[in-house]
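Enquirer: Compact mmCIF, C-alpha atoms, saved as my_file23.txt, coming up:
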# COMPACT_ATOMS: atom_id res chain seq x y z
CA MET A 156 -4.46 0.64 7.59
CA ALA A 157 -8.02 -0.58 7.31
CA SER A 158 -10.49 1.82 5.71
CA PHE A 159 -14.24 1.95 5.33
CA ALA A 160 -16.80 4.20 3.66
CA VAL A 161 -19.80 5.71 5.40
CA CYS A 162 -22.64 7.30 3.48
CA PRO A 163 -24.04 10.69 4.56
CA GLU A 164 -27.12 9.08 6.12
CA GLU A 165 -24.96 6.75 8.19
CA ALA A 166 -22.71 9.64 9.26
CA ARG A 167 -25.74 11.63 10.34
CA THR A 168 -27.09 8.74 12.38
CA LEU A 169 -23.65 8.17 13.96
CA ILE A 170 -23.47 11.81 15.06
CA GLU A 171 -26.99 11.63 16.48
CA MET A 172 -26.13 8.47 18.42
CA THR A 173 -23.00 10.05 19.89
CA LEU A 174 -24.19 13.61 20.60
CA GLY A 175 -27.95 13.23 20.60
CA SER A 176 -30.35 14.48 17.95
CA PRO A 177 -32.49 17.61 18.23
CA SER A 178 -35.70 15.61 18.10
CA SER A 179 -34.54 12.64 20.19
CA GLN A 180 -36.44 11.80 23.33
CA SER A 181 -33.68 11.53 25.86
CA GLY A 182 -34.12 9.83 29.19
CA GLY A 183 -37.65 8.68 28.56
CA GLY A 184 -39.15 12.05 27.71
CA GLY A 185 -42.23 12.21 25.57
CA GLY A 186 -43.35 14.30 22.70
CA GLY A 187 -42.22 14.83 19.15
CA GLY A 188 -42.09 17.48 16.49
CA GLY A 189 -39.44 18.96 14.31
CA GLY A 190 -37.75 21.29 16.85
CA TRP A 191 -35.73 20.76 19.97
CA SER A 192 -37.74 18.90 22.61
CA LEU A 193 -36.63 18.79 26.24
CA SER A 194 -37.40 15.95 28.60
CA GLU A 195 -37.88 16.38 32.34
CA LEU A 196 -34.25 15.37 32.86
CA ASP A 197 -33.04 18.00 30.37
CA ILE A 198 -35.00 20.69 32.17
CA LEU A 199 -33.61 19.56 35.52
CA LEU A 200 -30.02 19.59 34.30
CA LEU A 201 -30.36 23.02 32.68
CA ALA A 202 -32.30 24.59 35.54
CA GLY A 203 -29.98 23.10 38.16
CA THR A 204 -26.81 24.27 36.42
CA VAL A 205 -28.15 27.78 35.76
CA GLY A 206 -29.66 28.01 39.24
CA HIS A 207 -26.38 27.05 40.88
CA THR A 208 -24.54 29.67 38.83
CA LEU A 209 -27.01 32.36 39.88
CA SER A 210 -26.80 31.29 43.53
CA LEU A 211 -23.10 32.17 43.58
CA ALA A 212 -24.11 35.85 43.60
CA ALA A 213 -25.08 35.47 47.28
CA SER A 214 -22.34 35.01 49.87
CA SER A 215 -24.51 32.75 52.01
CA PHE A 216 -24.92 30.30 49.13
CA VAL A 217 -21.18 30.40 48.48
CA GLU A 218 -20.43 29.52 52.10
CA GLU A 219 -22.83 26.59 52.04
CA GLU A 220 -22.40 25.62 48.38
CA HIS A 221 -22.17 21.95 49.33
CA GLN A 222 -25.82 22.00 50.35
CA THR A 223 -26.75 23.14 46.84
CA TRP A 224 -24.86 20.26 45.25
CA TYR A 225 -26.28 17.73 47.72
CA PHE A 226 -29.81 18.88 46.86
CA LEU A 227 -29.17 18.80 43.10
CA LEU A 228 -27.57 15.35 43.30
CA ASN A 229 -30.47 13.91 45.30
CA THR A 230 -32.97 15.38 42.84
CA LEU A 231 -30.96 13.99 39.92
CA CYS A 232 -31.05 10.49 41.41
CA LEU A 233 -34.83 10.69 41.77
CA ALA A 234 -35.20 11.87 38.17
CA VAL A 235 -32.97 9.04 36.94
CA PHE A 236 -35.01 6.56 38.98
CA GLN A 237 -38.14 7.86 37.25
CA ASP A 238 -36.52 7.24 33.85
CA VAL A 239 -35.53 3.72 34.89
CA CYS A 240 -39.10 2.97 35.95
CA ARG A 241 -40.36 4.29 32.62
CA LYS A 242 -38.03 2.00 30.73
CA TYR A 243 -38.75 -1.21 32.60
CA PHE A 244 -42.34 -0.63 33.76
CA ARG A 245 -43.80 1.41 30.92
CA GLU A 246 -47.50 0.97 30.23
CA GLN A 247 -48.23 -1.93 27.89
CA ARG A 248 -49.82 -0.71 24.67
CA ARG A 249 -53.00 -2.26 23.40
CA PRO A 250 -52.83 -4.42 20.25
CA GLY A 251 -55.04 -1.94 18.46
CA ALA A 252 -52.92 1.08 19.29
CA ILE A 253 -51.58 3.47 16.70
CA GLY A 254 -49.16 1.79 14.31
CA GLU A 255 -46.57 4.46 15.01
CA ASN A 256 -46.42 3.38 18.66
CA ARG A 257 -46.06 -0.28 17.67
CA ASP A 258 -43.24 0.62 15.31
CA HIS A 259 -41.50 2.58 18.05
CA GLN A 260 -41.74 -0.40 20.40
CA GLU A 261 -40.34 -2.71 17.73
CA VAL A 262 -37.42 -0.34 17.15
CA GLU A 263 -36.67 -0.33 20.88
CA GLU A 264 -36.71 -4.14 20.96
CA GLU A 265 -34.34 -4.26 17.98
CA GLU A 266 -32.00 -1.81 19.69
CA GLU A 267 -31.94 -3.99 22.81
CA GLU A 268 -31.07 -7.03 20.70
CA GLU A 269 -28.28 -5.07 19.01
CA GLU A 270 -26.93 -4.00 22.40
CA GLU A 271 -26.76 -7.62 23.49
CA GLU A 272 -24.79 -8.47 20.36
CA GLU A 273 -22.39 -5.57 20.99
CA GLU A 274 -21.89 -6.62 24.60
CA ARG A 275 -20.35 -9.85 23.37
CA PHE A 276 -17.16 -7.92 22.63
CA PHE A 277 -17.40 -4.64 24.52
CA LEU A 278 -18.83 -5.67 27.89
CA SER A 279 -18.57 -9.44 28.25
CA PRO A 280 -15.06 -10.70 29.05
CA LYS A 281 -13.31 -12.62 26.27
CA GLY A 282 -16.23 -12.19 23.89
CA ARG A 283 -18.63 -14.50 25.73
CA ARG A 284 -22.31 -14.25 24.93
CA PRO A 285 -24.73 -13.16 27.62
CA SER A 286 -26.06 -16.07 29.62
CA ASP A 287 -28.97 -18.04 28.28
CA PRO A 288 -32.24 -17.64 30.23
CA SER A 289 -32.65 -21.41 30.17
CA GLN A 290 -29.35 -21.90 31.98
CA PRO A 291 -29.10 -21.86 35.79
CA GLY A 292 -28.24 -18.14 36.00
CA GLY A 293 -31.68 -16.82 35.21
CA ASP A 294 -32.78 -14.28 32.65
CA PRO A 295 -30.03 -11.62 32.21
CA ARG A 296 -32.63 -8.97 31.32
CA SER A 297 -34.42 -9.56 34.62
CA ARG A 298 -31.18 -9.21 36.57
CA GLU A 299 -30.31 -6.10 34.58
CA LYS A 300 -33.70 -4.58 35.35
CA TRP A 301 -33.39 -4.99 39.10
CA LEU A 302 -29.78 -3.82 39.15
CA ALA A 303 -30.80 -0.73 37.16
CA LEU A 304 -33.64 -0.07 39.59
CA ALA A 305 -31.27 -0.45 42.54
CA THR A 306 -28.63 1.93 41.15
CA PRO A 307 -30.30 5.31 41.98
CA PRO A 308 -31.26 4.28 45.56
CA LEU A 309 -27.79 2.87 46.12
CA THR A 310 -26.27 6.10 44.84
CA LEU A 311 -28.47 8.07 47.24
CA ALA A 312 -27.40 5.82 50.12
CA CYS A 313 -23.70 6.29 49.27
CA CYS A 314 -24.09 10.06 49.10
CA ARG A 315 -25.92 10.12 52.43
CA LEU A 316 -23.20 8.09 54.14
CA LEU A 317 -20.46 10.26 52.68
CA ARG A 318 -22.17 13.40 53.97
CA THR A 319 -21.74 12.11 57.54
CA LEU A 320 -18.06 11.34 56.96
CA ASN A 321 -16.85 14.96 56.73
CA GLN A 322 -18.69 18.02 58.04
CA THR A 323 -17.99 21.02 55.86
CA GLY A 324 -19.26 24.54 55.23
CA VAL A 325 -19.56 27.21 57.93
CA GLN A 326 -22.58 26.52 60.13
CA TRP A 327 -21.99 22.83 60.92
CA ALA A 328 -18.24 22.48 60.39
CA HIS A 329 -17.62 22.43 64.17
CA LEU A 330 -19.90 19.44 64.78
CA PRO A 331 -18.27 16.00 65.21
CA ASP A 332 -18.52 13.63 62.27
CA MET A 333 -17.59 10.07 61.37
CA GLY A 334 -14.13 11.18 60.32
CA HIS A 335 -13.33 12.38 63.86
CA TRP A 336 -14.75 9.17 65.31
CA LEU A 337 -12.66 6.96 63.02
CA ASN A 338 -9.45 8.92 63.60
CA SER A 339 -9.65 8.61 67.38
CA SER A 340 -7.17 6.20 68.93
CA GLU A 341 -9.94 4.07 70.45
CA HIS A 342 -11.31 3.19 66.98
CA ARG A 343 -8.02 2.59 65.17
CA ALA A 344 -8.93 -1.05 64.50
CA VAL A 345 -12.22 -0.03 62.85
CA LEU A 346 -10.41 2.48 60.65
CA SER A 347 -7.84 -0.16 59.68
CA LEU A 348 -10.54 -2.62 58.65
CA LEU A 349 -12.48 0.05 56.73
CA ALA A 350 -9.35 1.24 54.90
CA ALA A 351 -8.38 -2.33 53.93
CA LEU A 352 -11.87 -3.11 52.60
CA SER A 353 -11.95 0.15 50.66
CA LEU A 354 -8.61 -0.59 48.99
CA VAL A 355 -9.76 -4.10 48.04
CA LEU A 356 -12.94 -2.70 46.45
CA VAL A 357 -10.91 -0.02 44.66
CA TYR A 358 -8.79 -2.75 43.09
CA PHE A 359 -11.74 -4.81 41.87
CA LEU A 360 -13.54 -1.75 40.49
CA THR A 361 -10.45 -0.49 38.64
CA GLN A 362 -8.61 -3.54 37.31
CA ARG A 363 -11.27 -4.92 34.97
CA ARG A 364 -9.99 -3.15 31.82
CA CYS A 365 -6.26 -3.08 32.60
CA SER A 366 -3.59 -5.36 31.18
CA TRP A 367 -2.26 -8.09 33.45
CA VAL A 368 0.96 -6.13 34.05
CA SER A 369 -1.01 -3.07 35.16
CA ARG A 370 -3.21 -5.25 37.37
CA ILE A 371 -0.17 -6.56 39.23
CA ALA A 372 1.23 -3.04 39.55
CA LEU A 373 -2.12 -1.77 40.81
CA ALA A 374 -2.38 -4.52 43.43
CA LEU A 375 1.17 -3.91 44.70
CA GLY A 376 0.57 -0.16 44.69
CA LEU A 377 -2.54 -0.49 46.85
CA VAL A 378 -0.61 -2.70 49.27
CA GLY A 379 1.96 0.09 49.38
CA VAL A 380 -0.80 2.61 50.16
CA TYR A 381 -1.87 0.62 53.20
CA SER A 382 1.76 0.18 54.25
CA TYR A 383 2.27 3.95 54.02
CA ARG A 384 -0.74 4.64 56.22
CA ALA A 385 0.51 2.03 58.71
CA ALA A 386 3.97 3.62 58.73
CA VAL A 387 2.61 7.08 59.58
CA GLY A 388 0.43 5.60 62.32
CA ASN A 389 -3.05 5.97 60.81
CA VAL A 390 -3.86 2.25 60.60
CA TRP A 391 -2.56 -1.03 62.00
CA PHE A 392 -1.41 -4.27 60.51
CA PRO A 393 -3.07 -7.41 61.99
CA TRP A 394 0.17 -8.44 63.71
CA GLN A 395 0.66 -5.06 65.36
CA HIS A 396 -0.60 -4.55 68.88
CA GLY A 397 -0.51 -1.43 71.02
CA SER A 398 2.05 1.23 70.29
CA GLN A 399 4.18 1.28 67.17
CA SER A 400 7.01 3.35 65.80
CA VAL A 401 5.81 6.19 63.58
CA SER A 402 7.81 7.45 60.60
CA LYS A 403 7.24 9.72 57.61
CA GLY A 404 6.56 6.71 55.37
CA THR A 405 8.89 8.10 52.69
CA VAL A 406 10.03 4.70 51.46
CA GLU A 407 6.49 3.31 51.25
CA ALA A 408 5.18 6.39 49.43
CA ARG A 409 7.99 6.30 46.88
CA PHE A 410 7.29 2.59 46.43
CA VAL A 411 3.75 3.56 45.37
CA TYR A 412 4.99 6.35 43.11
CA VAL A 413 7.02 3.80 41.14
CA PHE A 414 3.89 1.76 40.36
CA VAL A 415 1.91 4.90 39.53
CA LEU A 416 4.52 5.89 36.97
CA GLY A 417 4.57 2.35 35.59
CA ILE A 418 0.79 2.26 35.05
CA LEU A 419 0.81 5.73 33.49
CA PHE A 420 3.65 4.67 31.19
CA SER A 421 1.77 1.53 30.13
CA GLY A 422 -1.36 3.54 29.35
CA SER A 423 0.57 6.18 27.42
CA LYS A 424 2.30 3.45 25.42
CA ASP A 425 -1.06 1.95 24.41
CA LEU A 426 -2.33 5.39 23.37
CA LEU A 427 0.72 5.94 21.16
CA ARG A 428 0.38 2.47 19.64
CA SER A 429 -3.28 3.16 18.85
CA GLN A 430 -2.23 6.09 16.65
CA ILE A 431 -0.19 3.89 14.30
CA ALA A 432 -2.08 0.59 14.56
CA ALA A 433 -4.71 -0.68 12.15
CA ALA A 434 -8.33 0.34 12.77
CA ALA A 435 -9.29 -3.06 14.19
CA ALA A 436 -6.47 -2.96 16.76
CA ALA A 437 -6.44 0.79 17.46
CA ALA A 438 -9.87 0.91 19.10
CA PRO A 439 -9.19 -1.55 21.96
CA LEU A 440 -5.68 -0.14 22.44
CA LYS A 441 -6.99 3.40 22.87
CA ARG A 442 -9.73 2.23 25.20
CA ARG A 443 -7.30 0.30 27.38
CA GLY A 444 -4.73 3.10 27.33
CA LEU A 445 -7.20 5.70 28.57
CA TRP A 446 -8.43 3.38 31.31
CA GLU A 447 -4.91 2.58 32.50
CA ILE A 448 -4.10 6.27 32.77
CA TYR A 449 -7.29 6.64 34.79
CA SER A 450 -6.23 3.66 36.98
CA GLY A 451 -2.84 5.26 37.63
CA LEU A 452 -4.59 8.43 38.72
CA VAL A 453 -6.84 6.41 41.06
CA LEU A 454 -3.78 4.80 42.67
CA LEU A 455 -2.16 8.20 43.19
CA VAL A 456 -5.34 9.61 44.74
CA ALA A 457 -5.57 6.59 47.06
CA LEU A 458 -2.09 7.43 48.31
CA LEU A 459 -2.92 11.09 48.90
CA PHE A 460 -6.28 10.54 50.60
CA ARG A 461 -6.33 10.21 54.37
CA ALA A 462 -7.32 6.78 55.66
CA HIS A 463 -10.85 7.82 56.66
CA ASN A 464 -11.41 9.30 53.17
CA LEU A 465 -10.70 6.05 51.31
CA PRO A 466 -14.45 5.16 51.40
CA VAL A 467 -15.01 8.37 49.39
CA LEU A 468 -12.76 7.03 46.63
CA CYS A 469 -14.41 3.61 46.84
CA CYS A 470 -17.93 5.05 46.56
CA CYS A 471 -16.80 7.29 43.69
CA LEU A 472 -15.65 4.28 41.65
CA LEU A 473 -18.73 2.25 42.60
CA VAL A 474 -21.16 4.97 41.50
CA GLN A 475 -19.25 5.47 38.25
CA SER A 476 -19.36 1.75 37.47
CA LEU A 477 -23.06 1.36 38.24
CA MET A 478 -24.15 4.52 36.43
CA ALA A 479 -22.14 3.67 33.31
CA ARG A 480 -23.29 0.06 33.17
CA PHE A 481 -26.99 0.39 34.02
CA ILE A 482 -28.01 4.04 33.58
CA TRP A 483 -26.14 6.08 30.97
CA ARG A 484 -25.75 3.25 28.46
CA LYS A 485 -29.08 1.48 28.94
CA LEU A 486 -31.18 4.65 29.01
CA HIS A 487 -29.36 6.06 25.95
CA TYR A 488 -28.39 9.36 27.55
CA ASP A 489 -26.55 11.58 25.08
CA ALA A 490 -23.13 13.14 25.55
CA ALA A 491 -24.48 16.47 26.83
CA GLN A 492 -26.61 14.84 29.54
CA THR A 493 -23.79 12.52 30.60
CA THR A 494 -21.30 15.41 30.74
CA ILE A 495 -23.52 17.52 32.99
CA MET A 496 -24.12 14.54 35.29
CA HIS A 497 -20.38 13.96 35.58
CA TYR A 498 -19.94 17.63 36.41
CA TRP A 499 -22.56 17.45 39.15
CA PHE A 500 -21.10 14.31 40.67
CA GLY A 501 -17.58 15.76 40.53
CA GLN A 502 -18.64 18.89 42.40
CA ALA A 503 -20.48 16.86 45.04
CA PHE A 504 -17.49 14.57 45.62
CA PHE A 505 -15.29 17.64 46.03
CA TYR A 506 -17.29 18.41 49.17
CA PHE A 507 -17.56 14.76 50.22
CA GLN A 508 -13.77 14.89 50.68
CA GLY A 509 -14.27 17.52 53.40
CA ASN A 510 -13.39 20.54 51.27
CA SER A 511 -15.24 23.84 51.31
CA ASN A 512 -14.90 27.31 49.83
CA ASN A 513 -12.78 28.25 52.84
CA ILE A 514 -9.04 27.94 52.16
CA GLY A 515 -8.58 26.76 55.74
CA THR A 516 -10.00 23.33 54.81
CA VAL A 517 -7.23 22.60 52.28
CA ASP A 518 -5.15 19.65 53.45
CA VAL A 519 -1.56 20.85 52.90
CA SER A 520 -0.08 17.68 54.42
CA VAL A 521 -0.55 15.80 51.12
CA GLY A 522 2.15 18.02 49.63
CA PHE A 523 4.75 16.21 51.77
CA VAL A 524 3.78 12.61 50.91
CA GLY A 525 6.98 10.82 49.90
CA LEU A 526 9.18 13.91 50.42
CA GLU A 527 11.87 14.34 53.05
CA SER A 528 11.52 18.14 53.02
CA TYR A 529 9.46 20.84 51.34
CA VAL A 530 9.93 21.01 47.56
CA GLU A 531 7.78 23.71 45.98
CA GLY A 532 6.88 22.10 42.64
CA PRO A 533 5.83 18.62 43.84
CA ALA A 534 4.17 20.07 46.93
CA ILE A 535 1.92 22.38 44.90
CA PHE A 536 1.07 19.60 42.44
CA LEU A 537 0.23 17.04 45.14
CA THR A 538 -1.80 19.54 47.18
CA ALA A 539 -3.85 20.59 44.15
CA LEU A 540 -4.37 16.96 43.11
CA GLY A 541 -5.47 15.91 46.57
CA THR A 542 -7.86 18.87 46.85
CA TYR A 543 -9.53 18.51 43.44
CA ALA A 544 -9.34 14.72 43.21
CA GLY A 545 -13.13 14.33 43.06
CA PRO A 546 -13.78 16.57 40.02
CA LEU A 547 -10.64 15.26 38.31
CA LEU A 548 -11.63 11.61 38.68
CA TRP A 549 -15.09 12.29 37.27
CA ALA A 550 -13.64 14.28 34.37
CA CYS A 551 -11.23 11.44 33.51
CA HIS A 552 -14.04 8.90 33.74
CA LEU A 553 -16.10 11.03 31.37
CA VAL A 554 -13.30 10.89 28.78
CA CYS A 555 -13.06 7.10 29.12
CA TYR A 556 -16.83 6.65 28.91
CA LEU A 557 -17.35 8.89 25.87
CA ASN A 558 -14.46 7.22 24.08
CA SER A 559 -15.93 3.80 24.79
CA GLU A 560 -19.37 4.86 23.56
CA SER A 561 -17.96 6.40 20.38
CA LEU A 562 -16.15 3.14 19.62
CA ARG A 563 -19.35 1.18 20.20
CA SER A 564 -21.24 3.50 17.84
CA MET A 565 -18.57 3.35 15.14
CA ALA A 566 -18.37 -0.44 15.33
CA THR A 567 -22.04 -0.70 14.35
CA TYR A 568 -21.25 0.77 10.93
CA SER A 569 -18.18 -1.16 9.82
CA PRO A 570 -17.02 -4.75 10.28
CA ALA A 571 -13.45 -3.39 10.09
CA LEU A 572 -13.85 -2.03 13.63
CA CYS A 573 -15.22 -5.24 15.14
CA SER A 574 -13.24 -6.53 18.10
CA PRO A 575 -11.92 -9.14 17.66
CA PRO A 576 -11.62 -8.40 13.92
CA GLY A 577 -13.20 -10.72 11.44
CA PRO A 578 -16.25 -11.31 9.30
CA ARG A 579 -18.47 -12.09 12.29
CA GLY A 580 -21.47 -9.82 12.50
CA ARG A 581 -24.77 -9.01 10.85
CA LEU A 582 -26.43 -6.16 8.99
CA THR A 583 -29.54 -4.60 10.49
CA THR A 584 -31.85 -1.88 9.24
CA ALA A 585 -32.29 1.17 11.46
CA PRO A 586 -34.60 4.17 10.91
CA ILE A 587 -33.11 7.63 10.43
CA SER A 588 -36.07 9.96 10.03
CA GLY A 589 -39.50 9.40 8.63
CA ALA A 590 -39.45 6.60 6.09
CA GLN A 591 -35.67 6.72 5.54
CA THR A 592 -33.62 3.80 6.77
CA THR A 593 -29.99 2.80 6.72
CA GLN A 594 -28.07 -0.42 7.16
CA ARG A 595 -25.91 -0.86 10.24
CA TRP A 596 -23.31 -3.51 10.90
CA VAL A 597 -23.50 -5.01 14.39
CA CYS A 598 -20.36 -6.85 15.48
Once more with this new file: its structure as structure tokens, please.

Expert:
Amino acid sequence: MASFAVCPEEARTLIEMTLGSPSSQSGGGGGGGGGWSLSELDILLLAGTVGHTLSLAASSFVEEEHQTWYFLLNTLCLAVFQDVCRKYFREQRRPGAIGENRDHQEVEEEEEEEEEEEERFFLSPKGRRPSDPSQPGGDPRSREKWLALATPPLTLACCRLLRTLNQTGVQWAHLPDMGHWLNSSEHRAVLSLLAALSLVLVYFLTQRRCSWVSRIALALGLVGVYSYRAAVGNVWFPWQHGSQSVSKGTVEARFVYVFVLGILFSGSKDLLRSQIAAAAAAAPLKRRGLWEIYSGLVLLVALLFRAHNLPVLCCCLLVQSLMARFIWRKLHYDAAQTTIMHYWFGQAFFYFQGNSNNIGTVDVSVGFVGLESYVEGPAIFLTALGTYAGPLLWACHLVCYLNSESLRSMATYSPALCSPPGPRGRLTTAPISGAQTTQRWVC
């Protein structure tokens, strides 16, 4: 078992990087001082969470709770977009500015260089370096900037489209929506094409961190999901024309359950191996194990979702990928901010599925997927999973993201945790507080 020593200063800095420090300026906020300082984003997250809790005292707000979450999510995207603009379009300081500002800018540039070094092993496949600006791919920082700027508007666009997919609440629940239009027999071909594209995107957004065995199982499982929906008459295969025989799809659903159990078993095996493996091998094993468990859950949710709700799952994974890659990591949001954002997104996606606070909107048909008759235990489990799939997926993604970030932070302090292991790396000097500094190892 590999071991390493960390001095108290390094431990303190590691905790601040993972959980956020009291005096840190999160999300581009300004100010300083020795006490807790809140940025605009912190105030929004606190005020929005407390305000939503207080609004539950009124029955009218409970009936239309989805409107509260839609408003908070839109406001959050605008606040994040403001932070992105601050990061990439901040005012250029004059050469004669205060030395403290110049030092702060130099520290930010050093942190960006360290992030690029870390991405060699944590983000870039097979340890490849980021592309060289002189090569025909362009400057990677320029591409990253525009992708980061596009993430909040794209998230807003996805949320707006999902709102039209399922009408919920009390006042507008009777109005027709895109879900009714897609489920009509005249538009079965459009629904089939949309479901197929959604499943393809789900595969590409999920498979990137899985082992090759889990990737094959995931691909076959998603094919089984489409086959199940075709068997029950929701979608068509390209070679089917007109009427078709409709069945319960029991065989197809159980076919998918086999691959779900296989992916979950593979992820659990990696988690158990990470507990007894050396430090250099335990970190990637744990990271892959958590992600494979998450992938198995995604496959199960894809089976339980109705065909017109598959775009909800696709947009959920897309927003998670974009926010993790270009927002939470690049803007250095701490664990508390990231957790509250995941909570907000999870609540919003609960209503994007078509749920409401009325028990009449619960889809009890998912409790019979893959079953010949009613069985109480599996039926309750499947119904609960299908109803709360949105919050559950965001909670699982939060666990995977925080674990990945903690591994990235720990790897900067010890070459024993570099992946792949070896002597490759460099020591850098990072400030702690005031004039104190500490050495950090960047893999």

Enquirer: Write out as JSON an axis-aligned box for stretch 211-223 of chain A: all of its atoms listed in the file, 5 Å added on each side, centre and edge lengths in Å with one decimal.

Expert:
{"center_x": -23.6, "center_y": 28.9, "center_z": 47.8, "size_x": 16.3, "size_y": 23.9, "size_z": 18.5}

Enquirer: With the cut-off set at 8 Å and counting only C-alpha atoms, tabulate each residue of stretch 273-391 of chain A with an atom at most that distance from an atom of stretch 441-447 of chain A, showing the nearest atom pair and its distance in Å to one decimal, ordered by chain and increasing number, as a Markdown table.

Expert:
| residue | atom | partner | partner_atom | distance |
| --- | --- | --- | --- | --- |
| A:Arg364 | CA | A:Arg443 | CA | 6.2 |
| A:Cys365 | CA | A:Glu447 | CA | 5.8 |
| A:Ser366 | CA | A:Arg443 | CA | 7.8 |
| A:Ser369 | CA | A:Glu447 | CA | 7.4 |

Enquirer: State, in Å with one decimal place, the distance from atom CA of A:Leu193 to atom CA of A:Gln492.

Expert: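 Calculated distance between atom CA of A:Leu193 and atom CA of A:Gln492 is 11.3 Å.
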
Enquirer: Can you tell me, as a count of residues only, what residues are no more than 9 Å from stretch 305-316 of chain A when counting only C-alpha atoms, ignoring any on the same chain fewer than 2 positions away?

Expert: 28

Enquirer: Given the choices A:Ile371, A:Ala386, A:Cys555, A:Leu458, which gets closest to A:Gly417 if the distance is worked out from all atoms listed in the file?

Expert: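 Once distances to A:Gly417 are computed over all atoms listed in the file, the minimum belongs to A:Ile371.
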
Enquirer: Between atom CA of A:Leu416 and atom CA of A:Gly404, what is the distance, to one decimal in Å?

Expert: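 If I compute the distance from atom CA of A:Leu416 to atom CA of A:Gly404, I get 18.5 Å.
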
Enquirer: So the first atom is atom CA of A:Asp518 and the second is atom CA of A:Ser476; what is the distance between them in Å, to one decimal place?

Expert: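 Distance reported for this atom pair: 27.9 Å.
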
Enquirer: Some atoms are absent from stretch 417-429 of chain A, so rebuild N, CA, C and O atoms and return them as a short mmCIF file (atom, residue, chain, number, x, y, z; two decimals), keeping the file's coordinate frame.

Expert:
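Result file out.cif:
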data_model
loop_
_atom_site.label_atom_id
_atom_site.label_comp_id
_atom_site.auth_asym_id
_atom_site.auth_seq_id
_atom_site.Cartn_x
_atom_site.Cartn_y
_atom_site.Cartn_z
N GLY A 417 4.61 3.50 36.48
CA GLY A 417 4.57 2.35 35.59
C GLY A 417 3.22 2.19 34.91
O GLY A 417 3.16 1.92 33.70
N ILE A 418 2.13 2.37 35.65
CA ILE A 418 0.79 2.26 35.05
C ILE A 418 0.56 3.39 34.06
O ILE A 418 -0.01 3.17 32.97
N LEU A 419 0.98 4.60 34.42
CA LEU A 419 0.81 5.73 33.49
C LEU A 419 1.63 5.51 32.21
O LEU A 419 1.17 5.84 31.11
N PHE A 420 2.82 4.95 32.36
CA PHE A 420 3.65 4.67 31.19
C PHE A 420 3.00 3.62 30.30
O PHE A 420 2.99 3.74 29.07
N SER A 421 2.43 2.58 30.92
CA SER A 421 1.77 1.53 30.13
C SER A 421 0.57 2.09 29.38
O SER A 421 0.35 1.77 28.20
N GLY A 422 -0.22 2.94 30.04
CA GLY A 422 -1.36 3.54 29.35
C GLY A 422 -0.95 4.47 28.24
O GLY A 422 -1.55 4.48 27.16
N SER A 423 0.09 5.27 28.47
CA SER A 423 0.57 6.18 27.42
C SER A 423 1.12 5.40 26.23
O SER A 423 0.93 5.80 25.08
N LYS A 424 1.78 4.28 26.50
CA LYS A 424 2.30 3.45 25.42
C LYS A 424 1.17 2.91 24.56
O LYS A 424 1.26 2.90 23.32
N ASP A 425 0.08 2.45 25.19
CA ASP A 425 -1.06 1.95 24.41
C ASP A 425 -1.70 3.06 23.58
O ASP A 425 -2.15 2.82 22.44
N LEU A 426 -1.77 4.27 24.13
CA LEU A 426 -2.33 5.39 23.37
C LEU A 426 -1.47 5.71 22.14
O LEU A 426 -2.00 5.98 21.06
N LEU A 427 -0.16 5.68 22.30
CA LEU A 427 0.72 5.94 21.16
C LEU A 427 0.62 4.83 20.12
O LEU A 427 0.61 5.10 18.91
N ARG A 428 0.52 3.59 20.57
CA ARG A 428 0.38 2.47 19.64
C ARG A 428 -0.93 2.55 18.88
O ARG A 428 -1.00 2.14 17.71
N SER A 429 -1.98 3.08 19.52
CA SER A 429 -3.28 3.16 18.85
C SER A 429 -3.26 4.16 17.69
O SER A 429 -4.10 4.08 16.79
#
